[in-house]
Amino acid sequence: MCNERILCAGFGGQGVMSLGQLLAYAGMIENKHVTWLPSYGPEMRGGTAYCNIVVSDSPVGSPIVTHNATCVIVMNLPSLLKFEQSVAPGGLLLLNSSLIDKAPDRQDIHSHAIPANDLATECGNGRAANMVMLGAYLAISKVVSPGSIALAFAKVFGSKAERLLDLNMAALHRGAEAVLQAEQAMAA
Amino acid sequence: MCNERILCAGFGGQGVMSLGQLLAYAGMIENKHVTWLPSYGPEMRGGTAYCNIVVSDSPVGSPIVTHNATCVIVMNLPSLLKFEQSVAPGGLLLLNSSLIDKAPDRQDIHSHAIPANDLATECGNGRAANMVMLGAYLAISKVVSPGSIALAFAKVFGSKAERLLDLNMAALHRGAEAVLQAEQAMAA
Amino acid sequence: MAELRGRVRIAADRCKGCGLCTIACPEEVLVIDHRTVNLKGYSPAVVAQPSGCLGCGNCALMCPDSVITVERFGKQRRAAHV
Amino acid sequence: MAELRGRVRIAADRCKGCGLCTIACPEEVLVIDHRTVNLKGYSPAVVAQPSGCLGCGNCALMCPDSVITVERFGKQRRAAHV
Amino acid sequence: MSKTLMKGNEALALAAIKGGCTHFFGYPITPQNEIPEFLAREFPKAGGVFLQAESELAAINMVYGAAAAGGRAMTSSSSPGIALMQEGMSSLAAAELPCVIVNAQRGGPGLGSIQPSQADYYQMTRGGGNGDYRILSLAPATVQEGAEMMMMAFDLAEIYRTPVFIVSDGMLGQMMEPVEFHDRPLRELPEKDWTVVGHGGVRPPNTVKTLALDPTVLEQRNLTLQAKYARIATLEARHESYRTEGAEIILSAYGSTARIVKNAIDLLAEEGIAVGLIRPQTLWPFPVAAFAELPDSCRMILTVEMSCGQMVDDVRLAVNGRLPVAFYGRSGGIIPVPEEIAMKVKTLLGRA
Amino acid sequence: MSKTLMKGNEALALAAIKGGCTHFFGYPITPQNEIPEFLAREFPKAGGVFLQAESELAAINMVYGAAAAGGRAMTSSSSPGIALMQEGMSSLAAAELPCVIVNAQRGGPGLGSIQPSQADYYQMTRGGGNGDYRILSLAPATVQEGAEMMMMAFDLAEIYRTPVFIVSDGMLGQMMEPVEFHDRPLRELPEKDWTVVGHGGVRPPNTVKTLALDPTVLEQRNLTLQAKYARIATLEARHESYRTEGAEIILSAYGSTARIVKNAIDLLAEEGIAVGLIRPQTLWPFPVAAFAELPDSCRMILTVEMSCGQMVDDVRLAVNGRLPVAFYGRSGGIIPVPEEIAMKVKTLLGRA
Amino acid sequence: MTVVHARSKGLTDRETHYCPGCTHGIVHRLVAEVLVEEGLLNEAIGCAAVGCSILSYNYLNVDMVESAHGRAPAVATGVKRVHPNKPVFTYQGDGDLASIGTAEIVHVAHRGEKITTIFVNNAIYGMTGGQMAPTTLPGQKVTTAPDGRDPAHAGLPLRVAEMIAQVPGAAYVERVSVHNPAAVRKAKKAIRNGFLCQMAGHGFSLIEVLSTCPTGWGLSPIESLKWLEDNMIPYYPLGVLRAPEEA
Amino acid sequence: MTVVHARSKGLTDRETHYCPGCTHGIVHRLVAEVLVEEGLLNEAIGCAAVGCSILSYNYLNVDMVESAHGRAPAVATGVKRVHPNKPVFTYQGDGDLASIGTAEIVHVAHRGEKITTIFVNNAIYGMTGGQMAPTTLPGQKVTTAPDGRDPAHAGLPLRVAEMIAQVPGAAYVERVSVHNPAAVRKAKKAIRNGFLCQMAGHGFSLIEVLSTCPTGWGLSPIESLKWLEDNMIPYYPLGVLRAPEEA
Ligand SMILES: Cc1ncc(C[n+]2csc(CCOP(=O)(O)OP(=O)(O)O)c2C)c(N)n1
Ligand SMILES: Cc1ncc(C[n+]2csc(CCOP(=O)(O)OP(=O)(O)O)c2C)c(N)n1
Ligand code: SF4
Ligand code: SF4
Ligand code: SF4
Ligand code: SF4
Ligand code: SF4
Ligand code: SF4
Ligand SMILES: [Mg+2]
Ligand SMILES: [Mg+2]
């Protein structure tokens, strides 16, 4: 049974909000129950922005993911410091190693360092780092398919979607690739 | 046991409020329990003003006298029409016959017509008609003594009191006289 | 007798006796009648000098209670009234 | 070398990289250093041309975060620095 | 003889001066205008400041500023004016600023009438504003009691750092009764080290505020407030019992209505019907304990109000299902007469 | 597929348009700004009027004017802004004007925080304003339910000629969930022959007013209002029951908190502890009847709120002493997590 | 024979509750007459304000909505946005408009709402028994300034028409008086201009009418007219303060 | 060597929460510097208003009281009437002062309260995310007027300094800007004049400071200064609008 609780955090402008929305949208497209909840208010100015996403087979009660997250995605160092403890034991921590040179402290979770900005730049746009992270997450959790993300893309980005879709899907795949390679490397 | 409930009504300017206050003050001076309650608000403009007075040997609960009045004093016709029904059976109705040429309808009460404005004018000031009515009331009910009214006068009228006291006490006595003469006439 | 130029009527039962009409009148046509008191308890304005009325309407302009009606007579009518 | 007339210091860890100081400076002494990011996540202003500083204080006047200190040198001191 | 006959409103105003009030800010509204008018006349002589505000909103916020600056401030209004002060009330409670607010209740809802009413019970006891807060509400039934409560109110406000309501109404405000002023009992008052008066360079700046963007900070503030409210509930709930011994029905009424209820009780006693009264003298905290010790004779509670039954909730909560709670009320500015209340009691007893 | 993912605030805004709203007047305040911003963008396309008011006071009075003139008007705000509307709310209720008000509750008291809260329960259910009045309050727990209730709200407002609250909070307003819009069920609406639109010379002038200087007139209006409120209480109280069958404890929670309580209940069920939920969908009228038919298994009620326990009064009044009523709450913008609620239940059951 | 003056069809038959000589009655009549003469009576919607004139809905023969104290301009905005083509007006006193309702009057002008405000300035709170208004003159005795308004304590009176005239959205602003027949004629013209300006879509119009309160002032009605002329007009000069260019 | 510029003792050590380049920070510093230079820091009492500057009590090194939205002038009045000889000021944004708090700002001026108001006009609601303010310029895009402010719907922007300047109790009113160093120098002088006017007992003083909101405007901090200069100053001309005769 699917019951993913994701927390996604970074600086304003790193696209953590839309990462979350894409995920929720794709979940909805796949007929799952979903919620998305942002942090809001003046704290966003210059500070850390984050959102909570729940994707589940049954109706979602609490949309809040402050602890027991199945996955935490952190895009910068302050986010790692703030949210590392939110990962449930055995859960997943994805960190953007392009901007975070610190390793996580926790040993009871699965962590992956993904150089998201670098990989996104390779794909042609550093701002797609969020898609890299999303790709990585989906590659591991498989909670929704990349196809659903592509469908969701039009919803979240409206008129801008068409122009950006290819680039972003490339980034998504690059993220998936990266994490799978790493897993293989580990397994090897 | 004393438990007088008086309602006193007239046009604004006829002194019904101060009549009531004098009575309440005098009652207090005689260590009785007293309350005074005015009508208030825009209805006073040009309309009928009235106040309720309770003078009692025991603490006063309701200060309101809308029915079961032991005495109703009316200074003009609209007041008679409005408050005749407030007199308790066997109670007292004092009406200012200088301005009211109608006789009361009720037969189950004691009524006295006192030409208050005329008597006050005789005493030297038509505006003391209220004191004439008060004198009449006290002559019958004896709820407080004229001496207490004189003491109260200073309280209610402050600095103006001294100048006006003699005139007003004269009017008070004139009212008492009038009602006693009438009673004697009736008795005769 | 001078020709009649206007006529003024006051609804005395609704007059509040404020006197504003009396000072508005250029011809002192109106006065407060202190001897009477209407049902509302006021001494109303009355037309004391009907013949002086010019029909100018000033009194009605000033009456806060809109209880004054003013008529003005044309030349012809004026003659008829003489 | 020209005489040193002023000196400017920036508390780089508290700078928000807004750049207002850079356009306020008549001598283009200050620039945003896009290569570094401070702890708060901003690229701070740095003193690129220290020798150009007039000590006029314009940069500090415009800094919303009050993180600029400006000193001005008297004639004597200027000489000493040469 | 030191008794004088005073209007309830004027007695409150004089008692405010004697209670150590230093600042009054208010906006005219019937039926409480005698309070500002008395103070406009008398306060300056006593060194106090009377200022007419441009609105009730401004008035309550002036009170907020004056209280923050260490003044003993008050305002006074009537129902719709109190409704306009709800944001301010919530802020005063949140910032823990001592002050006194008089509400001379009039008929509602909306503009309603200017006649006496008790239909602001919810507004005053539940906090008509946002968030979790309570206002200590003193409900006098006589002019004398009003004066005493008013003198006490400023000290209570400072002891608990809380706004205090004087719950009055058009009748209590407009009527005259004898009143006697005694010296205010001296109470030890906490030091005001939190006021904004200029730091003088000798201490860190003081800040009076209600914003707390960090929820843990705000939750802590709420816990502190709740602890204070629990303390007030324990220490300050007051009531008067009247003829409750052996009563078949106990009536519950406050303020003006309680006076009339007493007359009704005496009337019934003459007819041999034993009923009593529990009169809350504080509306919040509600005197819950008074309803815990009801005599065995008591079969029912009857709440009587000049409202559509707002106090019934509190009476039922206090009784907690042990006895039925009936209601009799008049509204819209109508003051009940003793006879109709007596009749209601008889009907309830099946003896009408 | 007609489902879309929407923010709660935006879904309310869209539902307002679909519910036949014609006029929105409001003043910015977090966390409800997406409502006016959505309407500023979309309402003109749909022929509606969006107007930013200079304040909450102006906004509620614009709503009053628009409703009096026959518009289907609404406003939206958050806790302190709602506090400022209390005089207006009382007037709307008194003048029996239909309209809808959204309250996206945030932490209080005072400015508090901008995080989710449920601490305006009293303000909304007891009428924070003056006089005897009530506001029909609909309390959705999901974005979908919010949209449905909003569409219904305008019709309810007209059927009863009353203001209607949509009780939301920062969480419900900010979160996105799938939502599907269906056509609004057609209800028969009473004719609006009382509006001020110009009499056209064909009828006597209409007057919309709340003043009634004659107490007998005002009392009659109050009796009419109370009769209407009794009707609403009978016909419109709504609730959802969740796993109450066989529950040892029944929790009571509304809106956002109810969602979290459901998670807690499921957690406890996994541990073999049977607890259920009664979720009021209307806060006023409170679904009293739901508490009359509690299963025999139930030993206790636990009220859970994002407040210091304001709904406890209503739950206790509904239970009327038959069962103990416990309380668990967080305040100041803190949203409880399912685990802490489950823990509270276990503590109450002595199984912690 | 011509009837020069008769009770306007724009007034109902009800007697007013106003004190004898209170000039609220004159202003009511002028509004009624203008509405009739401009053919607006059937469509007009009035917003009554809290003050002695709150019962104006009993006297003016138009649909009217009562407004909470000070909020008539907001209420009128709500009405007007529902009926953009109908004549909408507020009738407000100086306590209502210049004190508690300051924000609302400034912003109805700010938005340039096509609404006409009749502002009856009698330098006092009449309804509540004679308290100080923002328009009370220095030295004027009122119940909340028993020794007379002291500018050092309470400031100098607010000149509302001047203040509103400089708000960009205000299209027509004039101050008039009703202390004698000539002034009343001008007042009527100003009220007419206000409504015409509204119907022409120019924006917000405000007519400040200097008015008496014999009861609050403690003067006879006739003395009151004189007091207005001698004391109010010097502080509150009469005249047009703003008009649309083409008007 | 002289320190020409260092962080003022009138500021605390706390970093502000303001967005990069937000000129609230400049205005804070000017207030702090003036208080220090005039020897008023120890006695001053500030009233923070609701808006981005609500946390100004964290940054200004003086006793401060938070005010409900729009009510800072009323709060300041309460403070000042308790401490008539201490410098009292409000620090308010344009949403706070020119919208919800219109009545309070007009009446603090009306009463001639000896208070100084620092009015930061950034033509938008910064704190709540960029909604329209009464000062938003025609055509300016804001979240509640996504196609730009339409004067036909929402009116023309309010010129607050002009409006307050004609209130009799206002003693000193000036509009300044902070878009370049010269403007900042003038702004500081104006703020100083405001406080001096207060301490001399002349009456109410208001300094309107044209300010930027890069976040709300969607511009970089540097672009914002330019936008202010090119768009705001033409509509809101700088200069002294009122000053005491002897000043
Ligand atoms: C919210 C509120 N505050 C106060 C009042 C009391 N009140 C009624 S009328 C009035 C002022 C009347 O003065 P004004 O507007 O000048 O009208 P006037 O009576 O002088 O014509 C006031 C303060 C009220 N009804 N509602
Ligand atoms: C009563 C109330 N209404 C609304 C709000 C929401 N609010 C917070 S700040 C603000 C306006 C801020 O704008 P401005 O005053 O221009 O200050 P800025 O942030 O632009 O400096 C608003 C409407 C509130 N806190 N309280
Ligand atoms: S119409 Fe003119 S002349 Fe005739 S009574 Fe009236 S004011 Fe006097
Ligand atoms: S103006 Fe009118 S109300 Fe006044 S006295 Fe003349 S007729 Fe009577
Ligand atoms: S002090 Fe003047 S010259 Fe030196 S860096 Fe600053 S602005 Fe440039
Ligand atoms: S103005 Fe200040 S904050 Fe901005 S870049 Fe320069 S030093 Fe940094
Ligand atoms: S109190 Fe004044 S304004 Fe009111 S009706 Fe009487 S005279 Fe007119
Ligand atoms: S939102 Fe605007 S006003 Fe607020 S801190 Fe950011 S830039 Fe400054
Ligand atoms: Mg007035
Ligand atoms: Mg702003």
# chains A, B, ... in the order shown; residues from 1 in each chain; ligands from 1
$ select_by_dssp --residues "region 160-245 of chain G" --states "alpha helix (DSSP H)" --output "count of residues only"
39
$ residues_around --residues "Glu191 (chain F)" --least-positions-apart "6" --cutoff "12 Å" --atoms "only C-alpha atoms" --output "PyMOL selection string"
chain F and resi 70+158-161
$ atom_distance --atom1 "CA of Ala103 (chain G)" --atom2 "CA of Glu87 (chain F)"
16.3 Å
$ select_by_dssp --residues "region 55-220 of chain H" --states "strand (DSSP E or B)" --output "count of residues only"
38
$ residues_near_ligand --ligand "ligand 8" --cutoff "8 Å" --atoms "only C-alpha atoms and all ligand atoms" --output "PDB file with N, CA and C atoms, in the first residue's frame"
ATOM      1  N   PRO A  42       5.932  35.508   5.933  1.00  0.00           N
ATOM      2  CA  PRO A  42       7.146  36.300   5.709  1.00  0.00           C
ATOM      3  C   PRO A  42       8.426  35.493   5.928  1.00  0.00           C
ATOM      4  N   ARG A  45      10.817  34.936   3.052  1.00  0.00           N
ATOM      5  CA  ARG A  45      11.748  35.908   2.491  1.00  0.00           C
ATOM      6  C   ARG A  45      13.173  35.590   2.860  1.00  0.00           C
TER       7      ARG A  45
ATOM      8  N   HIS H  17      14.770  41.093   8.956  1.00  0.00           N
ATOM      9  CA  HIS H  17      14.137  40.073   8.119  1.00  0.00           C
ATOM     10  C   HIS H  17      13.783  40.640   6.760  1.00  0.00           C
ATOM     11  N   TYR H  18      14.173  41.876   6.506  1.00  0.00           N
ATOM     12  CA  TYR H  18      13.765  42.491   5.246  1.00  0.00           C
ATOM     13  C   TYR H  18      14.433  41.825   4.055  1.00  0.00           C
ATOM     14  N   CYS H  19      13.743  41.861   2.939  1.00  0.00           N
ATOM     15  CA  CYS H  19      14.297  41.322   1.702  1.00  0.00           C
ATOM     16  C   CYS H  19      15.540  42.129   1.326  1.00  0.00           C
ATOM     17  N   PRO H  20      16.430  41.513   0.558  1.00  0.00           N
ATOM     18  CA  PRO H  20      17.614  42.238   0.101  1.00  0.00           C
ATOM     19  C   PRO H  20      17.213  43.515  -0.630  1.00  0.00           C
ATOM     20  N   GLY H  21      17.814  44.610  -0.240  1.00  0.00           N
ATOM     21  CA  GLY H  21      17.588  45.861  -0.950  1.00  0.00           C
ATOM     22  C   GLY H  21      16.329  46.597  -0.561  1.00  0.00           C
ATOM     23  N   CYS H  22      15.582  46.072   0.361  1.00  0.00           N
ATOM     24  CA  CYS H  22      14.365  46.752   0.810  1.00  0.00           C
ATOM     25  C   CYS H  22      14.772  48.001   1.572  1.00  0.00           C
ATOM     26  N   THR H  23      14.223  49.140   1.193  1.00  0.00           N
ATOM     27  CA  THR H  23      14.676  50.393   1.791  1.00  0.00           C
ATOM     28  C   THR H  23      14.091  50.668   3.178  1.00  0.00           C
ATOM     29  N   HIS H  24      13.211  49.786   3.659  1.00  0.00           N
ATOM     30  CA  HIS H  24      12.827  49.891   5.080  1.00  0.00           C
ATOM     31  C   HIS H  24      14.099  50.015   5.932  1.00  0.00           C
ATOM     32  N   GLY H  51       2.797  45.486   9.169  1.00  0.00           N
ATOM     33  CA  GLY H  51       3.368  45.607   7.837  1.00  0.00           C
ATOM     34  C   GLY H  51       4.737  44.963   7.952  1.00  0.00           C
ATOM     35  N   CYS H  52       5.518  45.028   6.885  1.00  0.00           N
ATOM     36  CA  CYS H  52       6.837  44.409   6.979  1.00  0.00           C
ATOM     37  C   CYS H  52       7.638  44.959   8.147  1.00  0.00           C
ATOM     38  N   SER H  53       7.347  46.200   8.519  1.00  0.00           N
ATOM     39  CA  SER H  53       8.135  46.820   9.588  1.00  0.00           C
ATOM     40  C   SER H  53       7.627  46.479  10.978  1.00  0.00           C
ATOM     41  N   ASN H 122       5.582  52.518  -0.022  1.00  0.00           N
ATOM     42  CA  ASN H 122       6.186  51.711  -1.079  1.00  0.00           C
ATOM     43  C   ASN H 122       5.145  51.258  -2.101  1.00  0.00           C
ATOM     44  N   ILE H 124       2.528  49.595  -2.098  1.00  0.00           N
ATOM     45  CA  ILE H 124       2.085  48.201  -2.145  1.00  0.00           C
ATOM     46  C   ILE H 124       1.986  47.651  -0.724  1.00  0.00           C
ATOM     47  N   TYR H 125       1.273  46.568  -0.561  1.00  0.00           N
ATOM     48  CA  TYR H 125       1.292  45.804   0.680  1.00  0.00           C
ATOM     49  C   TYR H 125       2.438  44.803   0.575  1.00  0.00           C
ATOM     50  N   GLY H 126       3.547  45.115   1.226  1.00  0.00           N
ATOM     51  CA  GLY H 126       4.686  44.210   1.138  1.00  0.00           C
ATOM     52  C   GLY H 126       4.442  42.937   1.937  1.00  0.00           C
ATOM     53  N   MET H 127       4.138  43.125   3.197  1.00  0.00           N
ATOM     54  CA  MET H 127       4.029  42.023   4.156  1.00  0.00           C
ATOM     55  C   MET H 127       3.124  40.885   3.701  1.00  0.00           C
ATOM     56  N   THR H 128       1.987  41.236   3.126  1.00  0.00           N
ATOM     57  CA  THR H 128       1.000  40.210   2.791  1.00  0.00           C
ATOM     58  C   THR H 128       1.164  39.669   1.382  1.00  0.00           C
ATOM     59  N   GLY H 129       2.182  40.154   0.675  1.00  0.00           N
ATOM     60  CA  GLY H 129       2.480  39.542  -0.609  1.00  0.00           C
ATOM     61  C   GLY H 129       2.119  40.331  -1.834  1.00  0.00           C
ATOM     62  N   GLY H 130       2.075  41.654  -1.713  1.00  0.00           N
ATOM     63  CA  GLY H 130       1.982  42.446  -2.933  1.00  0.00           C
ATOM     64  C   GLY H 130       0.605  42.830  -3.411  1.00  0.00           C
ATOM     65  N   THR H 212      11.097  51.472  -1.509  1.00  0.00           N
ATOM     66  CA  THR H 212      10.942  50.400  -2.500  1.00  0.00           C
ATOM     67  C   THR H 212      10.476  49.101  -1.856  1.00  0.00           C
ATOM     68  N   CYS H 213       9.891  48.254  -2.683  1.00  0.00           N
ATOM     69  CA  CYS H 213       9.552  46.896  -2.271  1.00  0.00           C
ATOM     70  C   CYS H 213       9.949  45.974  -3.425  1.00  0.00           C
ATOM     71  N   PRO H 214      11.243  45.676  -3.537  1.00  0.00           N
ATOM     72  CA  PRO H 214      11.699  44.867  -4.675  1.00  0.00           C
ATOM     73  C   PRO H 214      10.900  43.581  -4.824  1.00  0.00           C
ATOM     74  N   THR H 215      10.593  42.931  -3.721  1.00  0.00           N
ATOM     75  CA  THR H 215       9.864  41.664  -3.781  1.00  0.00           C
ATOM     76  C   THR H 215       8.459  41.865  -4.337  1.00  0.00           C
ATOM     77  N   GLY H 216       7.755  42.841  -3.788  1.00  0.00           N
ATOM     78  CA  GLY H 216       6.387  43.071  -4.234  1.00  0.00           C
ATOM     79  C   GLY H 216       6.330  43.608  -5.650  1.00  0.00           C
ATOM     80  N   TRP H 217       7.316  44.402  -6.006  1.00  0.00           N
ATOM     81  CA  TRP H 217       7.327  45.002  -7.341  1.00  0.00           C
ATOM     82  C   TRP H 217       7.845  44.029  -8.400  1.00  0.00           C
TER      83      TRP H 217
END
$ residues_around --residues "Thr69 (chain C)" --least-positions-apart "2" --cutoff "7 Å" --atoms "only C-alpha atoms" --output "list in words"
Val8, Arg9, Ile10, Ala60, Val67 and Glu71 of chain C; His5 and Ala6 of chain G
$ write_last_selection --atoms "C-alpha atoms" --output "compact mmCIF listing (two decimals), in the first residue's frame"
# COMPACT_ATOMS: atom_id res chain seq x y z
CA VAL C 8 -49.24 81.37 2.44
CA ARG C 9 -50.78 78.48 4.39
CA ILE C 10 -49.35 76.74 7.43
CA ALA C 60 -41.23 77.76 3.03
CA VAL C 67 -45.53 72.57 6.61
CA GLU C 71 -48.98 80.42 -3.80
CA HIS G 5 -43.96 75.97 -2.62
CA ALA G 6 -45.65 72.81 -1.39
$ closest_residue --among "A:Gln14, A:Thr35, A:Asn168, A:Ser111" --to "Tyr137 (chain A)" --atoms "only C-alpha atoms"
A:Ser111
$ residues_around --residues "Met28 (chain B)" --least-positions-apart "5" --cutoff "8 Å" --atoms "only C-alpha atoms" --output "list in words"
His33 and Val34 of chain B; Leu5 and Pro178 of chain E
$ residues_around --residues "region 2-5 of chain B" --least-positions-apart "4" --cutoff "6 Å" --atoms "only C-alpha atoms" --output "PyMOL selection string"
chain B and resi 53-57+69-70
$ write_last_selection --atoms "all heavy atoms" --output "mmCIF file, in the first residue's frame"
data_model
loop_
_atom_site.group_PDB
_atom_site.id
_atom_site.type_symbol
_atom_site.label_atom_id
_atom_site.label_comp_id
_atom_site.auth_asym_id
_atom_site.auth_seq_id
_atom_site.Cartn_x
_atom_site.Cartn_y
_atom_site.Cartn_z
ATOM 1 N N ILE B 53 -39.657 56.710 40.559
ATOM 2 C CA ILE B 53 -39.002 56.843 41.853
ATOM 3 C C ILE B 53 -39.556 55.755 42.770
ATOM 4 O O ILE B 53 -40.769 55.516 42.792
ATOM 5 C CB ILE B 53 -39.280 58.218 42.507
ATOM 6 C CG1 ILE B 53 -38.973 59.340 41.522
ATOM 7 C CG2 ILE B 53 -38.449 58.381 43.785
ATOM 8 C CD1 ILE B 53 -40.192 59.906 40.841
ATOM 9 N N VAL B 54 -38.659 55.113 43.500
ATOM 10 C CA VAL B 54 -39.099 54.186 44.528
ATOM 11 C C VAL B 54 -38.526 54.681 45.849
ATOM 12 O O VAL B 54 -37.338 55.011 45.928
ATOM 13 C CB VAL B 54 -38.639 52.747 44.247
ATOM 14 C CG1 VAL B 54 -39.098 51.800 45.366
ATOM 15 C CG2 VAL B 54 -39.166 52.262 42.906
ATOM 16 N N VAL B 55 -39.366 54.764 46.869
ATOM 17 C CA VAL B 55 -38.930 55.133 48.219
ATOM 18 C C VAL B 55 -39.452 54.035 49.131
ATOM 19 O O VAL B 55 -40.660 53.788 49.171
ATOM 20 C CB VAL B 55 -39.497 56.494 48.653
ATOM 21 C CG1 VAL B 55 -38.984 56.865 50.044
ATOM 22 C CG2 VAL B 55 -39.129 57.575 47.642
ATOM 23 N N SER B 56 -38.530 53.363 49.811
ATOM 24 C CA SER B 56 -38.953 52.143 50.491
ATOM 25 C C SER B 56 -38.164 51.945 51.776
ATOM 26 O O SER B 56 -37.060 52.467 51.943
ATOM 27 C CB SER B 56 -38.722 50.954 49.550
ATOM 28 O OG SER B 56 -38.954 49.738 50.209
ATOM 29 N N ASP B 57 -38.737 51.178 52.686
ATOM 30 C CA ASP B 57 -38.029 50.849 53.919
ATOM 31 C C ASP B 57 -37.038 49.703 53.729
ATOM 32 O O ASP B 57 -36.166 49.481 54.567
ATOM 33 C CB ASP B 57 -39.019 50.478 55.027
ATOM 34 C CG ASP B 57 -39.741 51.716 55.541
ATOM 35 O OD1 ASP B 57 -39.172 52.820 55.410
ATOM 36 O OD2 ASP B 57 -40.867 51.581 56.041
ATOM 37 N N ALA B 69 -48.120 51.587 40.168
ATOM 38 C CA ALA B 69 -47.565 52.776 40.807
ATOM 39 C C ALA B 69 -48.442 53.151 41.995
ATOM 40 O O ALA B 69 -49.677 53.106 41.901
ATOM 41 C CB ALA B 69 -47.517 53.934 39.815
ATOM 42 N N THR B 70 -47.813 53.518 43.101
ATOM 43 C CA THR B 70 -48.620 54.031 44.208
ATOM 44 C C THR B 70 -49.088 55.444 43.881
ATOM 45 O O THR B 70 -50.128 55.870 44.342
ATOM 46 C CB THR B 70 -47.817 54.039 45.520
ATOM 47 O OG1 THR B 70 -46.585 54.738 45.288
ATOM 48 C CG2 THR B 70 -47.497 52.616 45.975
#
$ interface_residues --of "chain B" --to "chain E" --cutoff "10 Å" --atoms "only C-alpha atoms" --output "count of residues only"
35
$ residues_around --residues "region 88-101 of chain B" --least-positions-apart "2" --cutoff "7 Å" --atoms "only C-alpha atoms" --output "PyMOL selection string"
chain B and resi 67-77+86+103+108-118
$ interface_residues --of "chain D" --to "chain A" --cutoff "10 Å" --atoms "only C-alpha atoms" --output "list in words"
Lys16, Leu39, Lys40, Gly41 and Tyr42 of chain D
$ residues_near_ligand --ligand "ligand 5" --cutoff "8 Å" --atoms "only C-alpha atoms and all ligand atoms" --output "CSV table (one decimal) with C-alpha atoms, in the first residue's frame"
chain,number,residue,atom,x,y,z
D,6,GLY,CA,38.9,56.8,2.5
D,7,ARG,CA,38.4,53.2,3.6
D,8,VAL,CA,35.3,51.1,3.5
D,21,CYS,CA,26.0,50.3,-2.4
D,22,THR,CA,27.6,49.5,-5.7
D,24,ALA,CA,25.8,54.6,-4.9
D,25,CYS,CA,29.5,54.7,-5.1
D,26,PRO,CA,30.8,57.4,-7.3
D,27,GLU,CA,34.1,55.6,-7.8
D,28,GLU,CA,32.9,52.1,-8.5
D,29,VAL,CA,34.8,50.9,-5.5
D,30,LEU,CA,32.3,48.2,-4.6
D,47,VAL,CA,35.7,46.2,-2.0
D,50,PRO,CA,40.1,50.0,-2.3
D,52,GLY,CA,39.4,54.6,-5.2
D,53,CYS,CA,37.5,55.1,-2.0
D,54,LEU,CA,36.8,58.8,-1.3
D,55,GLY,CA,35.3,58.1,2.1
D,56,CYS,CA,32.2,59.9,0.9
D,57,GLY,CA,29.9,57.5,2.8
D,58,ASN,CA,27.4,57.2,-0.1
D,59,CYS,CA,27.6,53.5,0.0
D,60,ALA,CA,26.8,53.4,3.7
D,70,VAL,CA,33.4,54.1,6.2
D,71,GLU,CA,36.4,56.0,7.4
D,72,ARG,CA,37.9,59.1,5.9
$ interface_residues --of "chain G" --to "chain C" --cutoff "12 Å" --atoms "only C-alpha atoms" --output "VMD selection string"
chain G and resid 1 to 30 32 to 33 59 177 to 188 211 to 212 214 to 215 219 to 226
$ interface_residues --of "chain F" --to "chain G" --cutoff "10 Å" --atoms "only C-alpha atoms" --output "NGL selection string"
:F and (22-25 or 48-51 or 53-55 or 57-73 or 87-88 or 91 or 95 or 194-211)
